[in-house]
file entry-v5.cif (mmCIF, C-alpha atoms)
data_input
#
loop_
_atom_site.label_atom_id
_atom_site.label_comp_id
_atom_site.auth_asym_id
_atom_site.auth_seq_id
_atom_site.Cartn_x
_atom_site.Cartn_y
_atom_site.Cartn_z
CA MET A 25 334.13 133.63 -43.37
CA ARG A 26 334.57 133.14 -39.65
CA GLU A 27 334.93 129.58 -38.46
CA SER A 28 335.87 128.10 -35.11
CA VAL A 29 336.62 124.91 -33.24
CA GLU A 30 335.45 124.40 -29.67
CA ALA A 31 335.97 121.63 -27.15
CA GLU A 32 335.03 121.16 -23.54
CA VAL A 33 337.77 119.32 -21.68
CA MET A 34 337.55 118.12 -18.10
CA MET A 35 340.69 119.27 -16.31
CA SER A 36 341.93 119.10 -12.75
CA PHE A 37 342.31 122.53 -11.18
CA LEU A 38 345.26 122.10 -8.80
CA VAL A 39 344.79 124.26 -5.71
CA SER A 40 347.70 122.65 -3.84
CA GLU A 41 349.55 119.33 -3.80
CA GLU A 42 346.79 117.97 -1.58
CA LEU A 43 343.74 119.59 -3.16
CA ALA A 44 342.47 119.42 -6.74
CA PHE A 45 339.04 119.37 -8.30
CA ARG A 46 337.81 118.67 -11.82
CA ILE A 47 336.17 121.42 -13.79
CA PRO A 48 335.07 121.79 -17.41
CA VAL A 49 337.40 124.01 -19.42
CA GLU A 50 336.43 125.35 -22.82
CA LEU A 51 339.07 125.48 -25.54
CA ARG A 52 338.32 127.63 -28.56
CA TYR A 53 340.13 128.33 -31.81
CA ASP A 54 338.83 130.95 -34.20
CA THR A 55 339.97 131.80 -37.72
CA CYS A 56 339.70 135.52 -36.94
CA ASP A 57 342.73 135.03 -34.62
CA PRO A 58 344.46 132.05 -36.25
CA PHE A 59 347.60 132.05 -34.10
CA ALA A 60 345.76 131.84 -30.76
CA VAL A 61 343.85 129.36 -28.64
CA ARG A 62 341.46 130.55 -25.94
CA LEU A 63 341.04 128.65 -22.68
CA THR A 64 338.03 129.61 -20.53
CA PHE A 65 337.33 128.29 -17.06
CA HIS A 66 334.75 129.16 -14.44
CA LEU A 67 335.40 128.57 -10.76
CA PRO A 68 332.37 128.49 -8.47
CA GLY A 69 331.54 131.99 -7.25
CA ASP A 70 333.79 133.71 -9.79
CA ALA A 71 333.21 135.13 -13.24
CA PRO A 72 334.52 133.09 -16.19
CA VAL A 73 338.18 133.70 -16.95
CA THR A 74 339.58 133.51 -20.48
CA TRP A 75 343.23 133.23 -21.43
CA ALA A 76 344.55 133.54 -24.98
CA PHE A 77 347.90 132.09 -25.94
CA GLY A 78 349.64 130.72 -29.01
CA ARG A 79 348.30 127.58 -30.62
CA GLU A 80 351.91 126.61 -31.32
CA LEU A 81 352.68 126.88 -27.58
CA LEU A 82 349.97 124.31 -26.85
CA ILE A 83 351.22 122.06 -29.65
CA ASP A 84 354.80 122.22 -28.33
CA GLY A 85 353.75 121.90 -24.68
CA VAL A 86 352.07 118.56 -25.25
CA GLY A 87 355.49 117.05 -25.98
CA ARG A 88 358.00 119.14 -24.05
CA PRO A 89 358.14 121.88 -21.41
CA CYS A 90 357.74 125.31 -22.99
CA GLY A 91 356.48 128.80 -22.40
CA ASP A 92 357.75 132.19 -21.38
CA GLY A 93 355.99 134.77 -19.29
CA ASP A 94 352.45 134.08 -18.14
CA VAL A 95 351.78 130.70 -19.77
CA HIS A 96 353.81 127.52 -19.28
CA ILE A 97 352.80 124.14 -20.67
CA SER A 98 354.56 120.83 -20.12
CA PRO A 99 353.89 117.11 -20.15
CA THR A 100 353.94 115.57 -16.67
CA GLU A 101 356.23 112.85 -18.01
CA PRO A 102 357.73 113.78 -21.41
CA GLU A 103 358.42 110.17 -22.42
CA LEU A 104 354.79 109.16 -21.83
CA PHE A 105 351.67 110.32 -23.64
CA GLY A 106 349.67 110.86 -20.45
CA GLU A 107 348.97 114.27 -18.96
CA VAL A 108 349.86 117.91 -19.52
CA LEU A 109 350.22 120.73 -16.99
CA ILE A 110 349.06 124.22 -17.97
CA ARG A 111 350.23 127.04 -15.67
CA LEU A 112 348.66 130.48 -16.10
CA GLN A 113 350.21 133.25 -14.02
CA VAL A 114 349.74 136.97 -13.47
CA GLY A 115 352.06 138.46 -10.87
CA GLY A 116 351.81 136.28 -7.77
CA ASP A 117 348.47 134.75 -8.78
CA GLN A 118 348.41 131.52 -10.72
CA ALA A 119 346.09 128.80 -11.92
CA LEU A 120 347.44 125.31 -12.54
CA PHE A 121 345.54 122.74 -14.60
CA ARG A 122 346.25 119.10 -15.37
CA SER A 123 344.67 117.64 -18.49
CA GLY A 124 344.82 114.38 -20.33
CA THR A 125 346.95 114.68 -23.45
CA ALA A 126 344.45 112.93 -25.75
CA PRO A 127 341.67 115.57 -25.62
CA LEU A 128 344.21 118.35 -26.24
CA VAL A 129 345.66 116.53 -29.23
CA ALA A 130 342.14 115.87 -30.58
CA PHE A 131 341.32 119.59 -30.26
CA LEU A 132 344.60 120.59 -31.92
CA ASP A 133 343.94 118.13 -34.75
CA ARG A 134 340.60 119.82 -35.39
CA THR A 135 342.26 123.26 -35.44
CA ASP A 136 344.83 121.97 -37.92
CA ARG A 137 342.06 120.74 -40.22
CA LEU A 138 340.50 124.21 -40.08
CA VAL A 139 343.80 126.10 -40.53
CA PRO A 140 346.91 123.98 -41.11
CA LEU A 141 349.89 124.98 -38.99
CA GLY A 142 351.98 127.45 -40.97
CA GLN A 143 349.02 128.64 -43.06
CA GLU A 144 347.69 131.20 -40.55
CA ARG A 145 348.87 134.22 -42.55
CA SER A 146 347.04 133.02 -45.66
CA LEU A 147 343.70 133.92 -44.14
CA ALA A 148 342.17 136.95 -45.82
CA HIS A 149 342.29 140.15 -43.79
CA PHE A 150 344.36 138.64 -40.97
CA ASP A 151 346.62 141.70 -40.83
CA THR A 152 343.57 143.96 -40.51
CA HIS A 153 342.23 141.86 -37.60
CA LEU A 154 345.68 141.93 -35.99
CA ASP A 155 345.91 145.72 -36.33
CA ASP A 156 342.41 146.11 -34.83
CA ALA A 157 343.29 143.82 -31.92
CA LEU A 158 346.54 145.66 -31.23
CA ASP A 159 344.73 149.01 -31.35
CA ARG A 160 342.18 147.74 -28.78
CA ILE A 161 344.94 146.42 -26.49
CA LEU A 162 346.86 149.70 -26.66
CA ALA A 163 343.70 151.72 -25.99
CA GLU A 164 342.88 149.54 -22.95
CA GLU A 165 346.40 149.91 -21.58
CA GLN A 166 346.37 153.69 -22.04
CA SER A 167 343.00 154.06 -20.33
CA ALA A 168 344.07 151.81 -17.43
CA GLY A 169 347.28 153.56 -16.64
#

call {"tool": "encode", "arguments": {"input": "entry-v5.cif", "output": "structure tokens"}}
result
Amino acid sequence: MRESVEAEVMMSFLVSEELAFRIPVELRYDTCDPFAVRLTFHLPGDAPVTWAFGRELLIDGVGRPCGDGDVHISPTEPELFGEVLIRLQVGGDQALFRSGTAPLVAFLDRTDRLVPLGQERSLAHFDTHLDDALDRILAEEQSAG
């Protein structure tokens, strides 16, 4: 049975140190991909953009700087429970978001009630879904290059 958790969180999209604007960002967690969280944002004039990254990365990033590669998450002030920065990067292009910690923690709490952390592999047919997803990714990469 497929279940999901969704939340719309208002985040600041940081264009530069001087320019930021608030936009709604959708967070989604789905039992068919129990290790991942999806973050979707829509900038005016552009198509919606969705990023998938580890739920555990978001959990860790609320409390301390973490992330390798394309996604980095860190609290703005680790000793305070205030705001979190989420940096998404592909090559030289990046998107930087600032979010309150509380809505992220509330979302993560709801995901944990759906699938407790550490219990992701117990979902029926997870390995089949993972194999299907990896096959799609490999097929896309082969057709692109």

call {"tool": "closest_residue", "arguments": {"input": "entry-v5.cif", "among": "A:Ile161, A:Glu101, A:Trp75, A:Ala126", "to": "Val114 (chain A)", "atoms": "all atoms listed in the file"}}
result
A:Trp75

call {"tool": "atom_distance", "arguments": {"input": "entry-v5.cif", "atom1": "CA of Leu132 (chain A)", "atom2": "CA of Val39 (chain A)"}}
result
26.5 Å

call {"tool": "resolve_selection", "arguments": {"input": "entry-v5.cif", "expression": "the PyMOL selection byres ((chain A and resi 46) around 8)", "output": "PyMOL selection string"}}
result
chain A and resi 34-37+44-45+47-48

call {"tool": "write_last_selection", "arguments": {"input": "entry-v5.cif", "atoms": "C-alpha atoms", "output": "short mmCIF file (atom, residue, chain, number, x, y, z; two decimals), in the frame of the given file"}}
result
data_model
loop_
_atom_site.label_atom_id
_atom_site.label_comp_id
_atom_site.auth_asym_id
_atom_site.auth_seq_id
_atom_site.Cartn_x
_atom_site.Cartn_y
_atom_site.Cartn_z
CA MET A 34 337.55 118.12 -18.10
CA MET A 35 340.69 119.27 -16.31
CA SER A 36 341.93 119.10 -12.75
CA PHE A 37 342.31 122.53 -11.18
CA ALA A 44 342.47 119.42 -6.74
CA PHE A 45 339.04 119.37 -8.30
CA ILE A 47 336.17 121.42 -13.79
CA PRO A 48 335.07 121.79 -17.41
#

call {"tool": "residues_around", "arguments": {"input": "entry-v5.cif", "residues": "region 89-94 of chain A", "least_positions_apart": "3", "cutoff": "6 Å", "atoms": "all atoms listed in the file", "output": "JSON, numbers by chain"}}
result
{"A": [85, 97, 98, 112, 113]}

call {"tool": "closest_residue", "arguments": {"input": "entry-v5.cif", "among": "A:Cys56, A:Val73, A:Leu43, A:Leu82", "to": "Leu128 (chain A)", "atoms": "all atoms listed in the file"}}
result
A:Leu82

call {"tool": "closest_residue", "arguments": {"input": "entry-v5.cif", "among": "A:Val33, A:Ala119, A:Leu138, A:Val86", "to": "Pro99 (chain A)", "atoms": "only C-alpha atoms"}}
result
A:Val86
